[in-house]
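The file upload.pdb comes next; it holds PDB, C-alpha atoms, pLDDT in the B column.
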```
ATOM      1  CA  MET A   1      12.001 -11.134  33.434  1.00 41.00           C
ATOM      2  CA  LYS A   2      10.530  -9.295  36.396  1.00 46.00           C
ATOM      3  CA  PRO A   3       6.888  -8.141  36.075  1.00 48.00           C
ATOM      4  CA  ASP A   4       7.868  -4.462  36.043  1.00 47.00           C
ATOM      5  CA  GLU A   5      10.825  -4.902  33.683  1.00 43.00           C
ATOM      6  CA  PRO A   6      10.174  -3.325  30.236  1.00 48.00           C
ATOM      7  CA  VAL A   7       9.991  -5.614  27.234  1.00 54.00           C
ATOM      8  CA  GLU A   8      12.962  -5.213  24.918  1.00 67.00           C
ATOM      9  CA  ASN A   9      11.910  -3.491  21.695  1.00 79.00           C
ATOM     10  CA  LYS A  10      13.688  -5.518  19.036  1.00 94.00           C
ATOM     11  CA  THR A  11      14.001  -4.470  15.409  1.00 96.00           C
ATOM     12  CA  ALA A  12      14.334  -6.231  12.078  1.00 98.00           C
ATOM     13  CA  GLU A  13      15.127  -5.268   8.488  1.00 98.00           C
ATOM     14  CA  TYR A  14      13.071  -6.431   5.507  1.00 98.00           C
ATOM     15  CA  THR A  15      13.299  -6.128   1.760  1.00 98.00           C
ATOM     16  CA  VAL A  16       9.864  -5.526   0.232  1.00 98.00           C
ATOM     17  CA  THR A  17       9.412  -6.542  -3.407  1.00 98.00           C
ATOM     18  CA  PHE A  18       6.388  -5.452  -5.422  1.00 98.00           C
ATOM     19  CA  SER A  19       6.124  -7.685  -8.519  1.00 98.00           C
ATOM     20  CA  PHE A  20       3.822  -6.104 -11.096  1.00 98.00           C
ATOM     21  CA  ASN A  21       2.334  -8.018 -14.033  1.00 98.00           C
ATOM     22  CA  ARG A  22      -0.121  -5.601 -15.619  1.00 97.00           C
ATOM     23  CA  ASN A  23       0.087  -6.932 -19.163  1.00 97.00           C
ATOM     24  CA  ASP A  24      -2.272  -6.591 -22.113  1.00 96.00           C
ATOM     25  CA  ASN A  25      -3.045 -10.326 -22.270  1.00 96.00           C
ATOM     26  CA  ASP A  26      -4.393 -10.618 -18.730  1.00 95.00           C
ATOM     27  CA  PHE A  27      -5.852  -7.085 -18.674  1.00 96.00           C
ATOM     28  CA  PRO A  28      -6.832  -6.361 -22.286  1.00 95.00           C
ATOM     29  CA  VAL A  29      -9.824  -4.063 -21.698  1.00 96.00           C
ATOM     30  CA  ASP A  30      -8.903  -0.471 -22.561  1.00 96.00           C
ATOM     31  CA  TYR A  31      -5.225  -1.311 -21.972  1.00 96.00           C
ATOM     32  CA  PRO A  32      -3.354   2.035 -21.895  1.00 96.00           C
ATOM     33  CA  THR A  33      -0.387   2.900 -24.083  1.00 95.00           C
ATOM     34  CA  ASN A  34       1.719   3.974 -21.119  1.00 97.00           C
ATOM     35  CA  PRO A  35       0.997   1.718 -18.107  1.00 98.00           C
ATOM     36  CA  HIS A  36       3.160   2.578 -15.100  1.00 98.00           C
ATOM     37  CA  PHE A  37       3.214   2.840 -11.311  1.00 98.00           C
ATOM     38  CA  SER A  38       4.028   5.857  -9.137  1.00 98.00           C
ATOM     39  CA  PRO A  39       6.655   5.769  -6.354  1.00 98.00           C
ATOM     40  CA  LEU A  40       5.862   3.427  -3.497  1.00 98.00           C
ATOM     41  CA  VAL A  41       4.805   5.363  -0.426  1.00 98.00           C
ATOM     42  CA  GLY A  42       3.779   4.301   3.063  1.00 98.00           C
ATOM     43  CA  TRP A  43       4.813   3.698   6.615  1.00 98.00           C
ATOM     44  CA  VAL A  44       5.646   1.247   9.392  1.00 98.00           C
ATOM     45  CA  HIS A  45       3.017   1.322  12.133  1.00 98.00           C
ATOM     46  CA  GLN A  46       1.122  -0.414  14.907  1.00 97.00           C
ATOM     47  CA  LYS A  47      -0.918  -3.531  14.191  1.00 95.00           C
ATOM     48  CA  ASP A  48      -4.405  -3.208  12.724  1.00 90.00           C
ATOM     49  CA  ASN A  49      -4.062   0.297  11.325  1.00 92.00           C
ATOM     50  CA  THR A  50      -6.447   0.777   8.381  1.00 90.00           C
ATOM     51  CA  PHE A  51      -5.226   4.076   6.927  1.00 94.00           C
ATOM     52  CA  PHE A  52      -5.233   2.913   3.262  1.00 92.00           C
ATOM     53  CA  ASP A  53      -7.990   0.328   3.609  1.00 91.00           C
ATOM     54  CA  THR A  54     -11.625   0.047   2.545  1.00 95.00           C
ATOM     55  CA  GLY A  55     -14.426   1.704   4.469  1.00 94.00           C
ATOM     56  CA  LYS A  56     -12.419   4.869   5.077  1.00 94.00           C
ATOM     57  CA  THR A  57     -12.738   8.189   3.260  1.00 97.00           C
ATOM     58  CA  ALA A  58      -9.516   9.016   1.452  1.00 98.00           C
ATOM     59  CA  THR A  59      -7.427  11.782   2.947  1.00 98.00           C
ATOM     60  CA  ASP A  60      -6.042  14.523   0.720  1.00 98.00           C
ATOM     61  CA  GLY A  61      -2.741  12.635   0.698  1.00 98.00           C
ATOM     62  CA  ILE A  62      -4.350   9.427  -0.512  1.00 98.00           C
ATOM     63  CA  LYS A  63      -6.339  11.402  -3.101  1.00 98.00           C
ATOM     64  CA  ILE A  64      -3.202  12.990  -4.547  1.00 98.00           C
ATOM     65  CA  MET A  65      -1.296   9.696  -4.530  1.00 98.00           C
ATOM     66  CA  ALA A  66      -4.148   7.837  -6.231  1.00 98.00           C
ATOM     67  CA  GLU A  67      -4.888  10.526  -8.837  1.00 98.00           C
ATOM     68  CA  VAL A  68      -1.453  11.882  -9.788  1.00 98.00           C
ATOM     69  CA  GLY A  69       1.096   9.790  -7.899  1.00 98.00           C
ATOM     70  CA  GLY A  70       2.252  12.571  -5.556  1.00 98.00           C
ATOM     71  CA  THR A  71       3.722  11.608  -2.185  1.00 98.00           C
ATOM     72  CA  ALA A  72       4.493  14.822  -0.251  1.00 98.00           C
ATOM     73  CA  THR A  73       1.051  15.436   1.296  1.00 98.00           C
ATOM     74  CA  LEU A  74       0.637  11.763   2.168  1.00 98.00           C
ATOM     75  CA  ILE A  75       4.021  11.704   3.898  1.00 98.00           C
ATOM     76  CA  GLU A  76       2.977  14.766   5.944  1.00 98.00           C
ATOM     77  CA  GLU A  77      -0.221  12.991   7.034  1.00 98.00           C
ATOM     78  CA  LEU A  78       1.643   9.823   7.986  1.00 98.00           C
ATOM     79  CA  GLN A  79       4.292  11.792   9.872  1.00 98.00           C
ATOM     80  CA  ALA A  80       1.524  13.456  11.881  1.00 98.00           C
ATOM     81  CA  LEU A  81       0.335   9.981  12.926  1.00 97.00           C
ATOM     82  CA  ILE A  82       3.898   9.010  13.803  1.00 98.00           C
ATOM     83  CA  ASP A  83       4.120  12.128  15.979  1.00 98.00           C
ATOM     84  CA  GLN A  84       1.069  10.718  17.796  1.00 97.00           C
ATOM     85  CA  LYS A  85       3.078   7.515  18.472  1.00 97.00           C
ATOM     86  CA  LYS A  86       1.011   5.466  16.005  1.00 97.00           C
ATOM     87  CA  GLY A  87       3.883   4.656  13.677  1.00 98.00           C
ATOM     88  CA  LEU A  88       7.648   4.351  13.377  1.00 98.00           C
ATOM     89  CA  LYS A  89       8.791   5.737  10.014  1.00 98.00           C
ATOM     90  CA  THR A  90       7.604   6.818   6.563  1.00 98.00           C
ATOM     91  CA  TYR A  91       9.015   5.506   3.293  1.00 98.00           C
ATOM     92  CA  VAL A  92       9.095   6.629  -0.330  1.00 98.00           C
ATOM     93  CA  GLY A  93      10.507   4.219  -2.900  1.00 98.00           C
ATOM     94  CA  SER A  94      10.853   3.940  -6.637  1.00 98.00           C
ATOM     95  CA  GLY A  95       8.101   3.788  -9.216  1.00 98.00           C
ATOM     96  CA  LEU A  96       7.958   1.644 -12.353  1.00 98.00           C
ATOM     97  CA  GLY A  97       7.834   3.043 -15.888  1.00 98.00           C
ATOM     98  CA  SER A  98       5.969   0.073 -17.359  1.00 98.00           C
ATOM     99  CA  GLY A  99       3.214  -2.356 -16.423  1.00 98.00           C
ATOM    100  CA  VAL A 100       5.497  -5.326 -15.773  1.00 98.00           C
ATOM    101  CA  GLY A 101       8.507  -5.440 -13.446  1.00 98.00           C
ATOM    102  CA  ASN A 102       9.701  -5.301  -9.858  1.00 98.00           C
ATOM    103  CA  VAL A 103      10.220  -2.509  -7.340  1.00 98.00           C
ATOM    104  CA  THR A 104      12.105  -3.135  -4.086  1.00 98.00           C
ATOM    105  CA  LEU A 105      12.338  -1.141  -0.885  1.00 98.00           C
ATOM    106  CA  ASP A 106      14.188  -1.838   2.386  1.00 98.00           C
ATOM    107  CA  VAL A 107      12.272  -1.117   5.605  1.00 98.00           C
ATOM    108  CA  SER A 108      12.806  -1.434   9.355  1.00 98.00           C
ATOM    109  CA  ILE A 109      10.153  -2.669  11.781  1.00 98.00           C
ATOM    110  CA  SER A 110      10.046  -3.269  15.525  1.00 97.00           C
ATOM    111  CA  ASN A 111       8.050  -5.255  18.051  1.00 95.00           C
ATOM    112  CA  GLU A 112       6.157  -2.086  18.924  1.00 96.00           C
ATOM    113  CA  PHE A 113       5.535  -1.233  15.268  1.00 97.00           C
ATOM    114  CA  PRO A 114       5.469  -4.584  13.399  1.00 98.00           C
ATOM    115  CA  ALA A 115       3.150  -3.721  10.503  1.00 98.00           C
ATOM    116  CA  ILE A 116       3.635  -1.971   7.199  1.00 98.00           C
ATOM    117  CA  SER A 117       1.409  -0.382   4.565  1.00 98.00           C
ATOM    118  CA  LEU A 118       2.668   0.680   1.126  1.00 98.00           C
ATOM    119  CA  ALA A 119       0.752   2.020  -1.874  1.00 98.00           C
ATOM    120  CA  THR A 120       1.341   3.062  -5.478  1.00 98.00           C
ATOM    121  CA  MET A 121      -0.885   4.713  -8.054  1.00 98.00           C
ATOM    122  CA  LEU A 122      -1.957   2.401 -10.860  1.00 98.00           C
ATOM    123  CA  ALA A 123      -1.327   4.792 -13.712  1.00 98.00           C
ATOM    124  CA  PRO A 124      -2.874   6.088 -15.786  1.00 98.00           C
ATOM    125  CA  SER A 125      -6.179   5.894 -13.929  1.00 98.00           C
ATOM    126  CA  PRO A 126      -8.757   8.211 -12.337  1.00 98.00           C
ATOM    127  CA  ASP A 127      -7.971   7.340  -8.686  1.00 98.00           C
ATOM    128  CA  TRP A 128      -6.934   3.706  -8.519  1.00 98.00           C
ATOM    129  CA  TYR A 129      -4.053   2.306  -6.522  1.00 98.00           C
ATOM    130  CA  ILE A 130      -2.415  -0.949  -5.521  1.00 98.00           C
ATOM    131  CA  ALA A 131      -1.472  -1.430  -1.893  1.00 97.00           C
ATOM    132  CA  ALA A 132      -0.228  -3.817   0.733  1.00 97.00           C
ATOM    133  CA  VAL A 133      -2.247  -2.725   3.774  1.00 97.00           C
ATOM    134  CA  ASN A 134      -1.465  -3.565   7.402  1.00 97.00           C
ATOM    135  CA  VAL A 135       0.910  -6.452   6.681  1.00 98.00           C
ATOM    136  CA  ILE A 136       2.039  -7.758  10.076  1.00 98.00           C
ATOM    137  CA  LEU A 137       5.554  -9.212  10.065  1.00 98.00           C
ATOM    138  CA  THR A 138       5.530 -10.907  13.465  1.00 97.00           C
ATOM    139  CA  ASP A 139       3.969 -14.211  14.503  1.00 96.00           C
ATOM    140  CA  ASP A 140       1.652 -14.878  17.436  1.00 93.00           C
ATOM    141  CA  ASP A 141       4.668 -14.934  19.783  1.00 93.00           C
ATOM    142  CA  ASP A 142       5.928 -11.562  18.473  1.00 92.00           C
ATOM    143  CA  ASN A 143       8.848 -13.171  16.657  1.00 96.00           C
ATOM    144  CA  PHE A 144       9.819 -11.669  13.312  1.00 97.00           C
ATOM    145  CA  ILE A 145       8.795 -13.924  10.438  1.00 98.00           C
ATOM    146  CA  GLU A 146      11.340 -14.877   7.772  1.00 98.00           C
ATOM    147  CA  THR A 147       9.203 -14.253   4.694  1.00 98.00           C
ATOM    148  CA  LYS A 148       5.650 -13.468   3.651  1.00 98.00           C
ATOM    149  CA  THR A 149       3.972 -13.032   0.252  1.00 98.00           C
ATOM    150  CA  ILE A 150       0.571 -11.456  -0.343  1.00 98.00           C
ATOM    151  CA  HIS A 151      -1.480 -10.280  -3.309  1.00 97.00           C
ATOM    152  CA  GLY A 152      -1.500  -6.529  -3.741  1.00 97.00           C
ATOM    153  CA  GLY A 153      -4.996  -5.150  -3.250  1.00 96.00           C
ATOM    154  CA  VAL A 154      -6.469  -3.001  -6.038  1.00 97.00           C
ATOM    155  CA  TYR A 155      -8.378  -0.017  -4.654  1.00 98.00           C
ATOM    156  CA  ASP A 156     -10.607   2.826  -5.831  1.00 98.00           C
ATOM    157  CA  ALA A 157      -9.909   5.885  -3.691  1.00 98.00           C
ATOM    158  CA  GLY A 158     -13.458   7.218  -4.132  1.00 98.00           C
ATOM    159  CA  THR A 159     -12.260  10.688  -5.145  1.00 98.00           C
ATOM    160  CA  ASP A 160     -12.755  10.627  -8.940  1.00 98.00           C
ATOM    161  CA  SER A 161     -15.776   9.222 -10.793  1.00 97.00           C
ATOM    162  CA  GLY A 162     -13.922   8.305 -13.995  1.00 97.00           C
ATOM    163  CA  THR A 163     -14.467   4.743 -15.214  1.00 95.00           C
ATOM    164  CA  THR A 164     -11.648   4.370 -17.762  1.00 96.00           C
ATOM    165  CA  PHE A 165      -7.884   4.650 -17.438  1.00 97.00           C
ATOM    166  CA  THR A 166      -7.665   7.985 -19.261  1.00 95.00           C
ATOM    167  CA  ALA A 167     -11.021   9.505 -18.313  1.00 95.00           C
ATOM    168  CA  ALA A 168     -11.136  13.273 -17.839  1.00 95.00           C
ATOM    169  CA  ASN A 169     -10.998  14.482 -14.252  1.00 94.00           C
ATOM    170  CA  SER A 170     -14.389  14.155 -12.574  1.00 96.00           C
ATOM    171  CA  ALA A 171     -14.173  14.877  -8.855  1.00 96.00           C
ATOM    172  CA  THR A 172     -16.482  12.758  -6.705  1.00 97.00           C
ATOM    173  CA  GLN A 173     -18.396  15.064  -4.364  1.00 95.00           C
ATOM    174  CA  PRO A 174     -18.709  14.155  -1.615  1.00 96.00           C
ATOM    175  CA  ARG A 175     -15.915  11.627  -1.585  1.00 97.00           C
ATOM    176  CA  GLU A 176     -16.960   8.009  -1.373  1.00 97.00           C
ATOM    177  CA  ASN A 177     -15.284   5.456   0.883  1.00 97.00           C
ATOM    178  CA  ILE A 178     -12.271   3.593  -0.424  1.00 98.00           C
ATOM    179  CA  ASN A 179     -13.332   0.279  -1.942  1.00 97.00           C
ATOM    180  CA  ILE A 180     -11.926  -2.769  -3.716  1.00 97.00           C
ATOM    181  CA  ILE A 181     -12.175  -2.641  -7.504  1.00 97.00           C
ATOM    182  CA  THR A 182     -14.201  -5.433  -9.091  1.00 96.00           C
ATOM    183  CA  GLU A 183     -15.444  -4.026 -12.402  1.00 96.00           C
ATOM    184  CA  ALA A 184     -13.958  -3.372 -15.865  1.00 95.00           C
ATOM    185  CA  PRO A 185     -11.580  -2.232 -17.164  1.00 97.00           C
ATOM    186  CA  LEU A 186      -9.515  -3.953 -14.466  1.00 96.00           C
ATOM    187  CA  GLY A 187     -12.002  -6.446 -13.051  1.00 96.00           C
ATOM    188  CA  ASP A 188     -14.369  -9.105 -14.352  1.00 94.00           C
ATOM    189  CA  GLY A 189     -17.314  -8.216 -12.112  1.00 95.00           C
ATOM    190  CA  ASN A 190     -16.017 -10.311  -9.240  1.00 94.00           C
ATOM    191  CA  GLY A 191     -12.584  -8.817  -8.769  1.00 95.00           C
ATOM    192  CA  VAL A 192      -9.220  -8.072 -10.329  1.00 96.00           C
ATOM    193  CA  ASN A 193      -6.958 -10.971 -11.302  1.00 94.00           C
ATOM    194  CA  SER A 194      -4.555 -11.329  -8.367  1.00 94.00           C
ATOM    195  CA  SER A 195      -1.674 -11.791 -10.810  1.00 95.00           C
ATOM    196  CA  ILE A 196      -1.576  -8.010 -11.277  1.00 98.00           C
ATOM    197  CA  CYS A 197       0.694  -7.676  -8.237  1.00 98.00           C
ATOM    198  CA  SER A 198       2.324  -9.800  -5.557  1.00 98.00           C
ATOM    199  CA  VAL A 199       4.247  -8.371  -2.616  1.00 98.00           C
ATOM    200  CA  THR A 200       6.988 -10.309  -0.848  1.00 98.00           C
ATOM    201  CA  PHE A 201       8.557  -9.374   2.477  1.00 98.00           C
ATOM    202  CA  THR A 202      11.942 -11.013   3.146  1.00 98.00           C
ATOM    203  CA  LYS A 203      13.851 -10.670   6.409  1.00 98.00           C
ATOM    204  CA  LYS A 204      17.456  -9.586   5.880  1.00 96.00           C
TER     205      LYS A 204
END
```
The structure given in the file should be rewritten as structure tokens.
Amino acid sequence: MKPDEPVENKTAEYTVTFSFNRNDNDFPVDYPTNPHFSPLVGWVHQKDNTFFDTGKTATDGIKIMAEVGGTATLIEELQALIDQKKGLKTYVGSGLGSGVGNVTLDVSISNEFPAISLATMLAPSPDWYIAAVNVILTDDDDNFIETKTIHGGVYDAGTDSGTTFTAANSATQPRENINIITEAPLGDGNGVNSSICSVTFTKK
């Protein structure tokens, strides 16, 4: 390849599988009568984007997703970033009407945009969500990997001060930064059992 010749932007298709195991044996504290997960929502983007991650203040879209499971505002925010050439495409997938089960979603990535972030509200809850954040699906040589499995992170959006699954709305003013949940009812003081969710990315 000549020095001034553009690098070919290759693409790949992946099936993403969220495997949820939010059961009353592993998570018995205040276990709700109607555990479920909102529709998966997210985007394909450049490497090292931290939109859903800790240390950031939740946008209105993240707030709505984390508190009530809505996706429209979040998709608008992500599309605005895509319009700024920071991402490739947004995605909305299925939810899950129970605490245990799988949700799958097919996505497309490219060499230019090889990372993906997807989130879902952990419901019912004040403002808690599970997410796969900035998962890069290329290796050090920019080749698409065949498969990858991670633990879904469990996050507090910092927008509602409730401490139980069915707590009354209590807006956090000002909003706190997004952080990893470690305390009850989900955590044991050190973190949340990683068995609550695994996420597998499989090249098609």
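The set of protein, DNA and RNA residues with any counted atom at most 6 Å from (10.3, -6.9, 11.8) (only C-alpha atoms) reads Thr11, Ala12, Ile109, Ser110, Pro114, Leu137 and Phe144 of chain A.
If you count only C-alpha atoms and draw a sphere of 9 Å around (0.6, -10.2, -9.6), the protein and nucleic acid residues inside it come out as Phe18, Ser19, Phe20, Asn21, Arg22, His151, Gly152, Asn193, Ser194, Ser195, Ile196, Cys197, Ser198 and Val199 of chain A.
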Residues picked by the PyMOL selection byres ((chain A and resi 24) around 12) here, as a ChimeraX atom specification? /A:21-23,25-35,98-100,185-186,196
Per-residue nearest contacts stretch 42-80 of chain A to stretch 119-134 of chain A, cut-off 6 Å, using all atoms listed in the file, as a Markdown table:
```
| residue | atom | partner | partner_atom | distance |
| --- | --- | --- | --- | --- |
| A:Ala66 | CA | A:Asp127 | CA | 4.6 |
| A:Glu67 | CA | A:Asp127 | CA | 4.4 |
| A:Gly69 | CA | A:Met121 | CA | 5.5 |
```
Those residues with C-alpha atoms, as a PDB file, in the frame of the given file please?
```
ATOM      1  CA  ALA A  66      -4.148   7.837  -6.231  1.00 98.00           C
ATOM      2  CA  GLU A  67      -4.888  10.526  -8.837  1.00 98.00           C
ATOM      3  CA  GLY A  69       1.096   9.790  -7.899  1.00 98.00           C
TER       4      GLY A  69
END
```
What's around stretch 54-65 of chain A at 9 Å? Count all atoms listed in the file, leave out sequence neighbours fewer than 2 positions away in its own chain, and write the answer as a tab-separated table (two decimals) with C-alpha atoms, keeping the file's coordinate frame.
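Output below, filename result.tsv:
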```tsv
chain	number	residue	atom	x	y	z
A	38	SER	CA	4.03	5.86	-9.14
A	41	VAL	CA	4.80	5.36	-0.43
A	50	THR	CA	-6.45	0.78	8.38
A	51	PHE	CA	-5.23	4.08	6.93
A	52	PHE	CA	-5.23	2.91	3.26
A	67	GLU	CA	-4.89	10.53	-8.84
A	68	VAL	CA	-1.45	11.88	-9.79
A	69	GLY	CA	1.10	9.79	-7.90
A	70	GLY	CA	2.25	12.57	-5.56
A	71	THR	CA	3.72	11.61	-2.18
A	72	ALA	CA	4.49	14.82	-0.25
A	73	THR	CA	1.05	15.44	1.30
A	74	LEU	CA	0.64	11.76	2.17
A	75	ILE	CA	4.02	11.70	3.90
A	76	GLU	CA	2.98	14.77	5.94
A	77	GLU	CA	-0.22	12.99	7.03
A	78	LEU	CA	1.64	9.82	7.99
A	119	ALA	CA	0.75	2.02	-1.87
A	120	THR	CA	1.34	3.06	-5.48
A	121	MET	CA	-0.88	4.71	-8.05
A	127	ASP	CA	-7.97	7.34	-8.69
A	129	TYR	CA	-4.05	2.31	-6.52
A	155	TYR	CA	-8.38	-0.02	-4.65
A	156	ASP	CA	-10.61	2.83	-5.83
A	157	ALA	CA	-9.91	5.88	-3.69
A	158	GLY	CA	-13.46	7.22	-4.13
A	159	THR	CA	-12.26	10.69	-5.14
A	160	ASP	CA	-12.76	10.63	-8.94
A	175	ARG	CA	-15.92	11.63	-1.58
A	176	GLU	CA	-16.96	8.01	-1.37
A	177	ASN	CA	-15.28	5.46	0.88
A	178	ILE	CA	-12.27	3.59	-0.42
A	179	ASN	CA	-13.33	0.28	-1.94
A	180	ILE	CA	-11.93	-2.77	-3.72
```
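Atom CA of A:Leu96 is found 5.6 Å from atom CA of A:His36.
Minimum distance to A:Lys10 across A:Thr172, A:Val135, A:Asn111, A:Asn190 (counting all atoms listed in the file) occurs at A:Asn111.
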In Å, with one decimal, what is the gap from atom CA of A:Thr15 to atom CA of A:Thr104? 6.7 Å
Coordinates-based distance that separates atom CA of A:Trp43 from atom CA of A:Thr164 (Å, one decimal): 29.4 Å
With N, CA and C atoms as the atom set, please write stretch 94-117 of chain A from the structure just given, as an mmCIF file, in the first residue's frame.
```cif
data_model
loop_
_atom_site.group_PDB
_atom_site.id
_atom_site.type_symbol
_atom_site.label_atom_id
_atom_site.label_comp_id
_atom_site.auth_asym_id
_atom_site.auth_seq_id
_atom_site.Cartn_x
_atom_site.Cartn_y
_atom_site.Cartn_z
ATOM 1 N N SER A 94 -34.485 -5.688 22.188
ATOM 2 C CA SER A 94 -35.574 -6.154 23.039
ATOM 3 C C SER A 94 -35.239 -5.963 24.508
ATOM 4 N N GLY A 95 -36.269 -6.002 25.342
ATOM 5 C CA GLY A 95 -36.097 -6.075 26.776
ATOM 6 C C GLY A 95 -36.338 -7.504 27.230
ATOM 7 N N LEU A 96 -36.456 -7.689 28.536
ATOM 8 C CA LEU A 96 -36.706 -9.014 29.111
ATOM 9 C C LEU A 96 -37.715 -8.858 30.235
ATOM 10 N N GLY A 97 -38.805 -9.638 30.181
ATOM 11 C CA GLY A 97 -39.881 -9.494 31.151
ATOM 12 C C GLY A 97 -39.707 -10.261 32.430
ATOM 13 N N SER A 98 -38.493 -10.742 32.696
ATOM 14 C CA SER A 98 -38.195 -11.457 33.938
ATOM 15 C C SER A 98 -36.759 -11.162 34.328
ATOM 16 N N GLY A 99 -36.297 -11.745 35.426
ATOM 17 C CA GLY A 99 -34.938 -11.500 35.876
ATOM 18 C C GLY A 99 -33.912 -12.435 35.276
ATOM 19 N N VAL A 100 -34.373 -13.529 34.664
ATOM 20 C CA VAL A 100 -33.473 -14.547 34.136
ATOM 21 C C VAL A 100 -33.824 -14.826 32.676
ATOM 22 N N GLY A 101 -32.818 -14.795 31.805
ATOM 23 C CA GLY A 101 -33.043 -15.065 30.391
ATOM 24 C C GLY A 101 -32.035 -14.357 29.526
ATOM 25 N N ASN A 102 -32.186 -14.504 28.219
ATOM 26 C CA ASN A 102 -31.245 -13.937 27.257
ATOM 27 C C ASN A 102 -31.936 -12.931 26.344
ATOM 28 N N VAL A 103 -31.176 -11.922 25.927
ATOM 29 C CA VAL A 103 -31.608 -10.976 24.910
ATOM 30 C C VAL A 103 -30.482 -10.878 23.886
ATOM 31 N N THR A 104 -30.820 -10.987 22.603
ATOM 32 C CA THR A 104 -29.802 -10.909 21.553
ATOM 33 C C THR A 104 -30.079 -9.729 20.630
ATOM 34 N N LEU A 105 -29.010 -9.238 20.033
ATOM 35 C CA LEU A 105 -29.089 -8.097 19.132
ATOM 36 C C LEU A 105 -27.949 -8.215 18.130
ATOM 37 N N ASP A 106 -28.242 -8.040 16.832
ATOM 38 C CA ASP A 106 -27.212 -8.058 15.802
ATOM 39 C C ASP A 106 -26.737 -6.631 15.536
ATOM 40 N N VAL A 107 -25.413 -6.460 15.451
ATOM 41 C CA VAL A 107 -24.828 -5.136 15.234
ATOM 42 C C VAL A 107 -23.748 -5.211 14.165
ATOM 43 N N SER A 108 -23.441 -4.070 13.569
ATOM 44 C CA SER A 108 -22.374 -3.952 12.584
ATOM 45 C C SER A 108 -21.319 -2.990 13.103
ATOM 46 N N ILE A 109 -20.052 -3.359 12.970
ATOM 47 C CA ILE A 109 -18.954 -2.484 13.360
ATOM 48 C C ILE A 109 -18.022 -2.309 12.172
ATOM 49 N N SER A 110 -17.059 -1.422 12.309
ATOM 50 C CA SER A 110 -16.071 -1.200 11.256
ATOM 51 C C SER A 110 -14.711 -0.939 11.888
ATOM 52 N N ASN A 111 -13.683 -0.901 11.049
ATOM 53 C CA ASN A 111 -12.354 -0.572 11.569
ATOM 54 C C ASN A 111 -12.321 0.832 12.158
ATOM 55 N N GLU A 112 -13.070 1.742 11.551
ATOM 56 C CA GLU A 112 -13.102 3.117 12.049
ATOM 57 C C GLU A 112 -13.900 3.227 13.331
ATOM 58 N N PHE A 113 -14.936 2.403 13.454
ATOM 59 C CA PHE A 113 -15.808 2.418 14.632
ATOM 60 C C PHE A 113 -15.918 0.979 15.160
ATOM 61 N N PRO A 114 -14.905 0.520 15.925
ATOM 62 C CA PRO A 114 -14.834 -0.891 16.312
ATOM 63 C C PRO A 114 -15.353 -1.203 17.715
ATOM 64 N N ALA A 115 -15.970 -0.219 18.363
ATOM 65 C CA ALA A 115 -16.391 -0.408 19.755
ATOM 66 C C ALA A 115 -17.900 -0.265 19.875
ATOM 67 N N ILE A 116 -18.436 -0.867 20.922
ATOM 68 C CA ILE A 116 -19.878 -0.821 21.128
ATOM 69 C C ILE A 116 -20.185 -0.634 22.602
ATOM 70 N N SER A 117 -21.251 0.104 22.873
ATOM 71 C CA SER A 117 -21.769 0.276 24.232
ATOM 72 C C SER A 117 -23.278 0.049 24.186
#
```
